[in-house]
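Next comes coords_17.cif, a file with mmCIF, C-alpha atoms and all ligand atoms.
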```cif
data_work
loop_
_atom_site.group_PDB
_atom_site.id
_atom_site.type_symbol
_atom_site.label_atom_id
_atom_site.label_comp_id
_atom_site.auth_asym_id
_atom_site.auth_seq_id
_atom_site.Cartn_x
_atom_site.Cartn_y
_atom_site.Cartn_z
ATOM 1 C CA MET A 1 62.408 -35.299 -4.572
ATOM 2 C CA ALA A 2 62.985 -33.305 -1.389
ATOM 3 C CA ARG A 3 65.353 -35.043 0.982
ATOM 4 C CA THR A 4 65.489 -33.814 4.574
ATOM 5 C CA PRO A 5 69.100 -32.896 5.353
ATOM 6 C CA ILE A 6 70.626 -34.753 8.290
ATOM 7 C CA ILE A 7 73.458 -33.458 10.461
ATOM 8 C CA ALA A 8 74.940 -36.122 12.727
ATOM 9 C CA GLY A 9 77.580 -35.665 15.407
ATOM 10 C CA ASN A 10 79.936 -38.611 15.853
ATOM 11 C CA TRP A 11 81.457 -38.111 19.297
ATOM 12 C CA LYS A 12 83.824 -41.076 18.880
ATOM 13 C CA MET A 13 85.401 -42.125 22.243
ATOM 14 C CA ASN A 14 84.740 -38.800 23.963
ATOM 15 C CA LEU A 15 82.487 -37.672 26.844
ATOM 16 C CA ASP A 16 81.227 -39.764 29.751
ATOM 17 C CA HIS A 17 77.499 -40.107 30.445
ATOM 18 C CA LEU A 18 77.362 -36.971 32.623
ATOM 19 C CA GLU A 19 79.137 -34.890 30.005
ATOM 20 C CA ALA A 20 76.849 -36.380 27.380
ATOM 21 C CA THR A 21 73.754 -35.227 29.270
ATOM 22 C CA HIS A 22 75.241 -31.760 29.593
ATOM 23 C CA LEU A 23 76.062 -31.511 25.926
ATOM 24 C CA VAL A 24 72.655 -32.673 24.698
ATOM 25 C CA GLN A 25 70.856 -30.372 27.125
ATOM 26 C CA LYS A 26 72.935 -27.394 26.033
ATOM 27 C CA LEU A 27 72.523 -28.323 22.371
ATOM 28 C CA ALA A 28 68.741 -28.414 22.754
ATOM 29 C CA TRP A 29 68.688 -24.988 24.460
ATOM 30 C CA THR A 30 71.002 -23.493 21.872
ATOM 31 C CA LEU A 31 68.918 -24.812 18.990
ATOM 32 C CA THR A 32 65.772 -23.477 20.658
ATOM 33 C CA ASP A 33 67.416 -20.048 20.958
ATOM 34 C CA LEU A 34 68.335 -20.251 17.277
ATOM 35 C CA LYS A 35 64.717 -21.237 16.482
ATOM 36 C CA HIS A 36 65.915 -24.367 14.745
ATOM 37 C CA ASP A 37 63.289 -26.183 12.684
ATOM 38 C CA TYR A 38 63.960 -29.888 13.221
ATOM 39 C CA SER A 39 61.648 -30.812 10.369
ATOM 40 C CA ALA A 40 63.873 -28.817 7.982
ATOM 41 C CA VAL A 41 67.186 -30.277 9.172
ATOM 42 C CA GLU A 42 67.324 -33.465 11.216
ATOM 43 C CA VAL A 43 69.764 -33.489 14.153
ATOM 44 C CA VAL A 44 71.423 -36.677 15.407
ATOM 45 C CA VAL A 45 74.010 -37.308 18.108
ATOM 46 C CA VAL A 46 76.084 -40.476 18.126
ATOM 47 C CA PRO A 47 77.635 -40.961 21.580
ATOM 48 C CA PRO A 48 79.684 -43.879 22.932
ATOM 49 C CA PHE A 49 77.594 -46.887 24.039
ATOM 50 C CA THR A 50 77.977 -46.028 27.724
ATOM 51 C CA ASP A 51 76.215 -42.670 27.235
ATOM 52 C CA ILE A 52 73.191 -43.830 25.278
ATOM 53 C CA ARG A 53 70.947 -44.654 28.242
ATOM 54 C CA SER A 54 71.535 -41.183 29.719
ATOM 55 C CA VAL A 55 70.838 -39.515 26.374
ATOM 56 C CA GLN A 56 67.649 -41.571 26.027
ATOM 57 C CA THR A 57 66.435 -40.527 29.480
ATOM 58 C CA LEU A 58 67.033 -36.854 28.726
ATOM 59 C CA VAL A 59 65.518 -36.945 25.244
ATOM 60 C CA GLU A 60 62.407 -38.733 26.509
ATOM 61 C CA SER A 61 61.892 -36.692 29.672
ATOM 62 C CA ASP A 62 62.403 -33.327 27.947
ATOM 63 C CA GLU A 63 60.656 -34.475 24.742
ATOM 64 C CA LEU A 64 63.582 -33.331 22.639
ATOM 65 C CA SER A 65 63.535 -33.621 18.856
ATOM 66 C CA ILE A 66 67.193 -34.649 18.770
ATOM 67 C CA ALA A 67 67.652 -38.193 17.481
ATOM 68 C CA TYR A 68 70.505 -40.401 18.626
ATOM 69 C CA GLY A 69 72.297 -43.549 17.690
ATOM 70 C CA ALA A 70 75.352 -45.747 18.123
ATOM 71 C CA GLN A 71 78.793 -45.788 16.558
ATOM 72 C CA ASP A 72 78.842 -49.512 15.767
ATOM 73 C CA VAL A 73 76.897 -52.731 16.304
ATOM 74 C CA SER A 74 77.420 -56.480 16.292
ATOM 75 C CA THR A 75 76.253 -58.746 13.487
ATOM 76 C CA HIS A 76 75.265 -61.310 16.144
ATOM 77 C CA ASP A 77 71.955 -61.355 18.022
ATOM 78 C CA SER A 78 73.241 -62.522 21.418
ATOM 79 C CA GLY A 79 75.647 -64.932 23.048
ATOM 80 C CA ALA A 80 79.370 -65.385 23.602
ATOM 81 C CA TYR A 81 80.635 -62.263 21.831
ATOM 82 C CA THR A 82 82.542 -60.432 24.545
ATOM 83 C CA GLY A 83 82.496 -56.691 24.161
ATOM 84 C CA GLU A 84 79.800 -56.571 21.489
ATOM 85 C CA VAL A 85 76.423 -54.819 21.520
ATOM 86 C CA SER A 86 73.397 -56.111 19.592
ATOM 87 C CA THR A 87 70.812 -54.281 17.519
ATOM 88 C CA ALA A 88 68.108 -55.371 19.993
ATOM 89 C CA MET A 89 70.004 -53.618 22.804
ATOM 90 C CA LEU A 90 70.165 -50.440 20.743
ATOM 91 C CA THR A 91 66.502 -50.456 19.749
ATOM 92 C CA LYS A 92 65.590 -50.938 23.413
ATOM 93 C CA LEU A 93 67.511 -47.703 24.086
ATOM 94 C CA GLY A 94 65.509 -45.851 21.424
ATOM 95 C CA CYS A 95 68.351 -45.501 18.921
ATOM 96 C CA SER A 96 67.263 -44.420 15.458
ATOM 97 C CA TYR A 97 70.641 -44.622 13.703
ATOM 98 C CA VAL A 98 73.785 -46.716 13.767
ATOM 99 C CA VAL A 99 77.025 -45.663 12.106
ATOM 100 C CA VAL A 100 78.583 -48.630 10.330
ATOM 101 C CA GLY A 101 81.957 -48.906 8.653
ATOM 102 C CA HIS A 102 83.528 -45.710 9.939
ATOM 103 C CA SER A 103 87.092 -45.532 8.621
ATOM 104 C CA GLU A 104 88.400 -45.868 12.188
ATOM 105 C CA ARG A 105 86.533 -49.169 12.549
ATOM 106 C CA ARG A 106 87.930 -50.269 9.191
ATOM 107 C CA GLU A 107 91.488 -49.250 10.135
ATOM 108 C CA TYR A 108 91.666 -50.432 13.759
ATOM 109 C CA HIS A 109 89.268 -53.374 13.634
ATOM 110 C CA GLY A 110 89.768 -54.648 10.098
ATOM 111 C CA GLU A 111 86.153 -54.109 9.027
ATOM 112 C CA THR A 112 85.510 -54.917 5.371
ATOM 113 C CA ASN A 113 82.834 -53.628 2.997
ATOM 114 C CA GLU A 114 81.084 -56.990 3.243
ATOM 115 C CA LEU A 115 80.965 -56.822 7.047
ATOM 116 C CA VAL A 116 79.723 -53.229 6.865
ATOM 117 C CA GLY A 117 76.935 -54.343 4.511
ATOM 118 C CA GLU A 118 76.042 -57.145 6.930
ATOM 119 C CA LYS A 119 75.892 -54.680 9.839
ATOM 120 C CA ALA A 120 73.718 -52.311 7.790
ATOM 121 C CA LYS A 121 71.297 -55.163 7.103
ATOM 122 C CA LYS A 122 71.081 -56.029 10.824
ATOM 123 C CA VAL A 123 70.387 -52.380 11.633
ATOM 124 C CA LEU A 124 67.600 -52.196 9.036
ATOM 125 C CA ASP A 125 66.108 -55.521 10.164
ATOM 126 C CA ALA A 126 65.901 -54.055 13.675
ATOM 127 C CA GLY A 127 63.985 -50.997 12.420
ATOM 128 C CA MET A 128 66.851 -48.508 12.688
ATOM 129 C CA ARG A 129 68.710 -46.720 9.900
ATOM 130 C CA PRO A 130 72.372 -47.289 9.101
ATOM 131 C CA ILE A 131 74.767 -44.446 8.366
ATOM 132 C CA MET A 132 77.111 -46.338 6.059
ATOM 133 C CA CYS A 133 80.569 -44.821 5.756
ATOM 134 C CA CYS A 134 82.799 -44.942 2.732
ATOM 135 C CA GLY A 135 85.763 -42.921 1.522
ATOM 136 C CA GLU A 136 89.228 -43.160 0.041
ATOM 137 C CA PRO A 137 92.665 -42.895 1.656
ATOM 138 C CA LEU A 138 95.086 -40.179 0.565
ATOM 139 C CA GLU A 139 97.120 -42.345 -1.817
ATOM 140 C CA VAL A 140 93.972 -43.250 -3.760
ATOM 141 C CA ARG A 141 92.972 -39.576 -3.967
ATOM 142 C CA LYS A 142 96.471 -38.708 -5.202
ATOM 143 C CA ALA A 143 96.287 -41.446 -7.824
ATOM 144 C CA GLY A 144 92.991 -39.958 -9.048
ATOM 145 C CA THR A 145 91.070 -43.230 -8.664
ATOM 146 C CA HIS A 146 88.890 -42.069 -5.747
ATOM 147 C CA VAL A 147 85.541 -42.255 -7.558
ATOM 148 C CA GLU A 148 86.171 -45.832 -8.679
ATOM 149 C CA TYR A 149 87.406 -46.770 -5.197
ATOM 150 C CA VAL A 150 84.322 -45.404 -3.445
ATOM 151 C CA LEU A 151 81.937 -46.931 -5.994
ATOM 152 C CA ASP A 152 83.544 -50.333 -5.381
ATOM 153 C CA GLN A 153 82.827 -49.827 -1.672
ATOM 154 C CA ILE A 154 79.223 -48.916 -2.493
ATOM 155 C CA ASN A 155 78.741 -51.984 -4.718
ATOM 156 C CA ALA A 156 79.976 -54.284 -1.959
ATOM 157 C CA MET A 157 78.194 -52.572 0.941
ATOM 158 C CA LEU A 158 74.813 -52.485 -0.776
ATOM 159 C CA ALA A 159 74.971 -55.963 -2.334
ATOM 160 C CA GLY A 160 72.686 -57.585 0.261
ATOM 161 C CA LEU A 161 70.149 -54.769 0.575
ATOM 162 C CA SER A 162 66.842 -54.204 -1.214
ATOM 163 C CA ALA A 163 65.908 -50.929 -2.915
ATOM 164 C CA ALA A 164 63.519 -50.108 -0.055
ATOM 165 C CA GLU A 165 66.291 -50.680 2.483
ATOM 166 C CA VAL A 166 68.753 -48.490 0.604
ATOM 167 C CA ALA A 167 66.158 -45.722 0.319
ATOM 168 C CA LYS A 168 65.901 -45.626 4.132
ATOM 169 C CA SER A 169 69.659 -45.617 4.640
ATOM 170 C CA VAL A 170 72.149 -42.803 4.937
ATOM 171 C CA ILE A 171 75.511 -42.959 3.174
ATOM 172 C CA ALA A 172 78.372 -40.890 4.537
ATOM 173 C CA TYR A 173 81.149 -40.070 2.101
ATOM 174 C CA GLU A 174 84.178 -39.385 4.269
ATOM 175 C CA PRO A 175 87.520 -39.082 2.478
ATOM 176 C CA ILE A 176 89.922 -40.511 5.057
ATOM 177 C CA TRP A 177 92.511 -37.791 4.459
ATOM 178 C CA ALA A 178 89.940 -35.188 5.546
ATOM 179 C CA ILE A 179 88.890 -36.854 8.821
ATOM 180 C CA GLY A 180 90.202 -35.084 11.889
ATOM 181 C CA THR A 181 92.909 -33.374 9.856
ATOM 182 C CA GLY A 182 91.390 -29.935 9.333
ATOM 183 C CA GLU A 183 91.783 -30.751 5.628
ATOM 184 C CA VAL A 184 88.290 -30.382 4.156
ATOM 185 C CA ALA A 185 87.461 -31.600 0.661
ATOM 186 C CA THR A 186 86.334 -28.740 -1.553
ATOM 187 C CA SER A 187 82.618 -28.688 -2.133
ATOM 188 C CA GLN A 188 83.317 -29.662 -5.771
ATOM 189 C CA ASP A 189 85.421 -32.650 -4.657
ATOM 190 C CA ALA A 190 82.699 -33.742 -2.245
ATOM 191 C CA GLN A 191 79.952 -33.254 -4.836
ATOM 192 C CA GLU A 192 81.893 -35.242 -7.454
ATOM 193 C CA VAL A 193 81.883 -38.357 -5.275
ATOM 194 C CA CYS A 194 78.426 -37.890 -3.709
ATOM 195 C CA GLY A 195 76.958 -37.371 -7.204
ATOM 196 C CA ALA A 196 78.718 -40.511 -8.463
ATOM 197 C CA ILE A 197 77.339 -42.504 -5.506
ATOM 198 C CA ARG A 198 73.802 -41.409 -6.368
ATOM 199 C CA VAL A 199 74.250 -42.358 -10.031
ATOM 200 C CA ARG A 200 75.599 -45.758 -8.988
ATOM 201 C CA ILE A 201 72.583 -46.345 -6.718
ATOM 202 C CA ALA A 202 70.282 -45.543 -9.646
ATOM 203 C CA GLU A 203 72.186 -48.123 -11.731
ATOM 204 C CA LEU A 204 72.136 -50.774 -9.003
ATOM 205 C CA PHE A 205 68.505 -50.169 -7.991
ATOM 206 C CA ASP A 206 66.376 -47.472 -9.648
ATOM 207 C CA GLN A 207 66.044 -43.704 -9.870
ATOM 208 C CA ALA A 208 63.465 -43.471 -7.069
ATOM 209 C CA THR A 209 65.879 -45.179 -4.670
ATOM 210 C CA ALA A 210 68.716 -42.902 -5.735
ATOM 211 C CA ASP A 211 66.468 -39.869 -5.251
ATOM 212 C CA ALA A 212 65.463 -40.993 -1.757
ATOM 213 C CA VAL A 213 68.791 -42.014 -0.216
ATOM 214 C CA ARG A 214 70.514 -39.330 1.835
ATOM 215 C CA ILE A 215 74.215 -38.824 1.265
ATOM 216 C CA GLN A 216 76.303 -36.987 3.836
ATOM 217 C CA TYR A 217 79.752 -35.538 3.512
ATOM 218 C CA GLY A 218 82.142 -35.955 6.436
ATOM 219 C CA GLY A 219 85.664 -34.709 7.042
ATOM 220 C CA SER A 220 86.545 -31.572 9.005
ATOM 221 C CA VAL A 221 83.090 -30.019 8.606
ATOM 222 C CA LYS A 222 82.835 -26.706 10.488
ATOM 223 C CA SER A 223 80.356 -23.847 10.598
ATOM 224 C CA SER A 224 82.555 -21.946 8.133
ATOM 225 C CA ASN A 225 82.273 -24.590 5.393
ATOM 226 C CA ALA A 226 78.933 -26.286 6.151
ATOM 227 C CA ALA A 227 76.677 -24.037 4.060
ATOM 228 C CA GLU A 228 78.812 -24.344 0.936
ATOM 229 C CA LEU A 229 79.034 -28.121 1.229
ATOM 230 C CA MET A 230 75.313 -28.400 1.892
ATOM 231 C CA ALA A 231 74.511 -26.282 -1.172
ATOM 232 C CA GLN A 232 75.776 -29.065 -3.441
ATOM 233 C CA PRO A 233 72.944 -30.947 -5.152
ATOM 234 C CA ASP A 234 73.943 -34.416 -3.947
ATOM 235 C CA ILE A 235 75.035 -33.551 -0.405
ATOM 236 C CA ASP A 236 72.170 -34.045 2.044
ATOM 237 C CA GLY A 237 73.937 -33.596 5.320
ATOM 238 C CA ALA A 238 77.127 -33.935 7.275
ATOM 239 C CA LEU A 239 78.738 -36.466 9.569
ATOM 240 C CA VAL A 240 80.647 -34.274 11.987
ATOM 241 C CA GLY A 241 83.427 -35.499 14.269
ATOM 242 C CA GLY A 242 85.509 -32.994 16.233
ATOM 243 C CA ALA A 243 83.148 -30.050 15.795
ATOM 244 C CA SER A 244 80.217 -32.020 17.235
ATOM 245 C CA LEU A 245 81.846 -31.858 20.678
ATOM 246 C CA LYS A 246 81.552 -28.060 20.748
ATOM 247 C CA VAL A 247 77.917 -27.149 21.240
ATOM 248 C CA ASP A 248 77.988 -23.663 19.733
ATOM 249 C CA GLU A 249 79.932 -24.811 16.708
ATOM 250 C CA PHE A 250 77.734 -27.877 16.150
ATOM 251 C CA ALA A 251 74.580 -25.767 16.542
ATOM 252 C CA LYS A 252 75.905 -23.370 13.894
ATOM 253 C CA ILE A 253 76.514 -26.289 11.542
ATOM 254 C CA VAL A 254 72.985 -27.581 12.170
ATOM 255 C CA THR A 255 71.559 -24.128 11.418
ATOM 256 C CA TYR A 256 73.701 -23.647 8.287
ATOM 257 C CA GLN A 257 70.568 -22.508 6.425
ATOM 258 C CA GLN A 258 70.557 -19.345 8.541
ATOM 259 C CA ALA A 259 74.162 -18.477 7.559
HETATM 260 C C1 LIG A 301 84.277 -38.376 11.495
HETATM 261 O O1 LIG A 301 84.926 -38.919 12.363
HETATM 262 O O2 LIG A 301 83.318 -38.964 11.000
HETATM 263 C C2 LIG A 301 84.667 -37.029 11.068
HETATM 264 C C3 LIG A 301 84.149 -36.569 9.969
HETATM 265 O O3 LIG A 301 85.560 -36.358 11.872
HETATM 266 P P1 LIG A 301 85.994 -34.812 11.746
HETATM 267 O O4 LIG A 301 84.734 -34.003 11.519
HETATM 268 O O5 LIG A 301 86.652 -34.492 13.040
HETATM 269 O O6 LIG A 301 86.917 -34.713 10.566
#
```
Let's see the structure in the file written out as structure tokens.
Ligand code: PEP
Amino acid sequence: MARTPIIAGNWKMNLDHLEATHLVQKLAWTLTDLKHDYSAVEVVVVPPFTDIRSVQTLVESDELSIAYGAQDVSTHDSGAYTGEVSTAMLTKLGCSYVVVGHSERREYHGETNELVGEKAKKVLDAGMRPIMCCGEPLEVRKAGTHVEYVLDQINAMLAGLSAAEVAKSVIAYEPIWAIGTGEVATSQDAQEVCGAIRVRIAELFDQATADAVRIQYGGSVKSSNAAELMAQPDIDGALVGGASLKVDEFAKIVTYQQA
């Protein structure tokens, strides 16, 4: 089954709303210059909450084909949850995707696989698609138990989802030791885990679901390594951190097929 590759830029806590507008505008122009085919490779930006309204206004007024989303969401619908943002607020802003369970959320906010699964379910219930992150820390990689570790995360994160919901979701395999370190997993390392995730989804659900779900690799993706990573049979895209803040570099990653 043909899966449309998806390249998503996670800006983390960078860029204010004016800078966000600038970046998206420049990204759209650059991709037009490069004759990017959005139906061949989907492009998503994931700004901080405070930028989303500005990105929405630009995308809608200029009829851009760039999709956008949020970096996190609450499991609550509304009420006394200071600092949280609901799925309804994000759908109102036209978000298509929500990243859930990024390793930084797990590390700094104690998010568990179960909570990540709950967030993914809320996102799907609201008609958006979750980008569900998983990945092992360095000590697990060194111990050689990384596949088992990630599959345990997958089992727990997907426990409350139906096959149809999983098929619509995106899974981002991001080895923690490769995030923001310049240390990229080899394409074989990335394929080993992404392939194992797909097999596990076939076991938990069925082959059609496993064939439909898109699995990204994330961790120091750059234009120089994107094409090789994307050539792996079970890698359907990239979740890009640092490099997504540089328009020319991100545009080159998006257009990896032209490399
Ligand atoms: C990320 O934060 O999801 C990420 C992959 O970051 P970087 O590309 O900077 O390693």
So which residues are near ligand LIG 301 (chain A), meaning at most 6 Å away with all atoms listed in the file counted, given back as a PyMOL selection string? chain A and resi 10+178-180+218-221+239-242
Export C-alpha atoms of the chosen residues as an mmCIF file, in the coordinates of the input?
```
data_model
loop_
_atom_site.group_PDB
_atom_site.id
_atom_site.type_symbol
_atom_site.label_atom_id
_atom_site.label_comp_id
_atom_site.auth_asym_id
_atom_site.auth_seq_id
_atom_site.Cartn_x
_atom_site.Cartn_y
_atom_site.Cartn_z
ATOM 1 C CA ASN A 10 79.936 -38.611 15.853
ATOM 2 C CA ALA A 178 89.940 -35.188 5.546
ATOM 3 C CA ILE A 179 88.890 -36.854 8.821
ATOM 4 C CA GLY A 180 90.202 -35.084 11.889
ATOM 5 C CA GLY A 218 82.142 -35.955 6.436
ATOM 6 C CA GLY A 219 85.664 -34.709 7.042
ATOM 7 C CA SER A 220 86.545 -31.572 9.005
ATOM 8 C CA VAL A 221 83.090 -30.019 8.606
ATOM 9 C CA LEU A 239 78.738 -36.466 9.569
ATOM 10 C CA VAL A 240 80.647 -34.274 11.987
ATOM 11 C CA GLY A 241 83.427 -35.499 14.269
ATOM 12 C CA GLY A 242 85.509 -32.994 16.233
#
```
Contacts of Lys12 in chain A at 8 Å or less, counting all atoms listed in the file, minus same-chain residues fewer than 5 places along, as a PyMOL selection string? chain A and resi 46-48+71+241
Export, as a PDB file, keeping the file's coordinate frame, the selected residues with C-alpha atoms.
```pdb
ATOM      1  CA  VAL A  46      76.084 -40.476  18.126  1.00  0.00           C
ATOM      2  CA  PRO A  47      77.635 -40.961  21.580  1.00  0.00           C
ATOM      3  CA  PRO A  48      79.684 -43.879  22.932  1.00  0.00           C
ATOM      4  CA  GLN A  71      78.793 -45.788  16.558  1.00  0.00           C
ATOM      5  CA  GLY A 241      83.427 -35.499  14.269  1.00  0.00           C
TER       6      GLY A 241
END
```
With a distance cut-off of 8 Å and only C-alpha atoms, select the neighbouring residues of Ser244 in chain A, excluding the residue or stretch itself and same-chain residues fewer than 5 positions from it, and output the selection as a ChimeraX atom specification. /A:9-11,249-250
Go ahead and find all residues with at least one atom no further than 9 Å from (64.9, -48.6, -3.4) in the file's coordinates, using all atoms listed in the file; report them as a ChimeraX atom specification. /A:162-168,201-202,205-210,212-213
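Using all atoms listed in the file, the residues found no farther than 9 Å from Leu31 in chain A, other than those of its own chain fewer than 5 positions away, are Lys26, His36, Asp37, Ala251, Lys252, Val254 and Thr255 of chain A.
Closest approach to Glu114 in chain A from the set A:Gly160, A:Thr91, A:Gln25, A:Ile253 is made by A:Gly160, with distances taken over all atoms listed in the file.
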What is the CA of Tyr108 in chain A-CA of Pro175 in chain A distance in Å, reported with one decimal? 16.5 Å
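For the set A:Leu204, A:Ile197, A:Val43, A:Val116, the residue with the smallest atom-to-atom gap to Pro5 in chain A is A:Val43, counting all atoms listed in the file.
Atom to atom, CA of Ile154 in chain A and CA of Arg200 in chain A stand 8.1 Å apart.
Proximity of A:Leu15, A:Ile6, A:Ala196, A:Ile131 to Ala40 in chain A, computed with all atoms listed in the file, is greatest for A:Ile6.
CA of Asp248 in chain A lies 13.9 Å from CA of Ala226 in chain A.
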Point out the residue among A:Ser78, A:Asn113, A:Thr21, A:Ser169 with the least atom-to-atom distance to Val98 in chain A, counting only C-alpha atoms. A:Ser169
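Of the residues listed (A:Ala8, A:Ala259, A:Val59, A:Ala88), A:Val59 shows the shortest atom-to-atom separation from His22 in chain A; distances use all atoms listed in the file.
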Choose the residue, out of A:Lys246, A:Lys142, A:Glu136, A:Tyr256, that has the smallest atom-to-atom separation from Ala20 in chain A; count all atoms listed in the file. A:Lys246
Could you work out an axis-aligned bounding box for all listed atoms of range 22-33 of chain A, with 3 Å added on each of the six sides, and give its centre and edge lengths in Å to one decimal, as lines of an AutoDock Vina configuration file?
```
center_x = 70.9
center_y = -26.4
center_z = 24.3
size_x = 16.3
size_y = 18.6
size_z = 16.6
```
What's around Leu64 in chain A at 12 Å? Count only C-alpha atoms, leave out sequence neighbours fewer than 3 positions away in its own chain, and write the answer as an NGL selection string. :A and (24-29 or 31-32 or 38 or 43-44 or 55-61 or 67-68)
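Those residues that approach range 118-125 of chain A to within 7 Å, counting all atoms listed in the file, are Val73, Ser74, Thr75, Thr87, Val98, Val100, Glu114, Leu115, Val116, Gly127, Met128, Arg129, Pro130, Leu161 and Glu165 of chain A; same-chain residues fewer than 2 positions away are not listed.
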List the residues matched by the PyMOL selection byres (((chain A and resi 187) around 8) and not hetatm) in the displayed structure as a tab-separated table (two decimals) with C-alpha atoms, in the coordinates of the input, ordered by chain and then by residue number.
```tsv
chain	number	residue	atom	x	y	z
A	185	ALA	CA	87.46	-31.60	0.66
A	186	THR	CA	86.33	-28.74	-1.55
A	188	GLN	CA	83.32	-29.66	-5.77
A	189	ASP	CA	85.42	-32.65	-4.66
A	190	ALA	CA	82.70	-33.74	-2.24
A	191	GLN	CA	79.95	-33.25	-4.84
A	228	GLU	CA	78.81	-24.34	0.94
A	229	LEU	CA	79.03	-28.12	1.23
A	232	GLN	CA	75.78	-29.06	-3.44
```
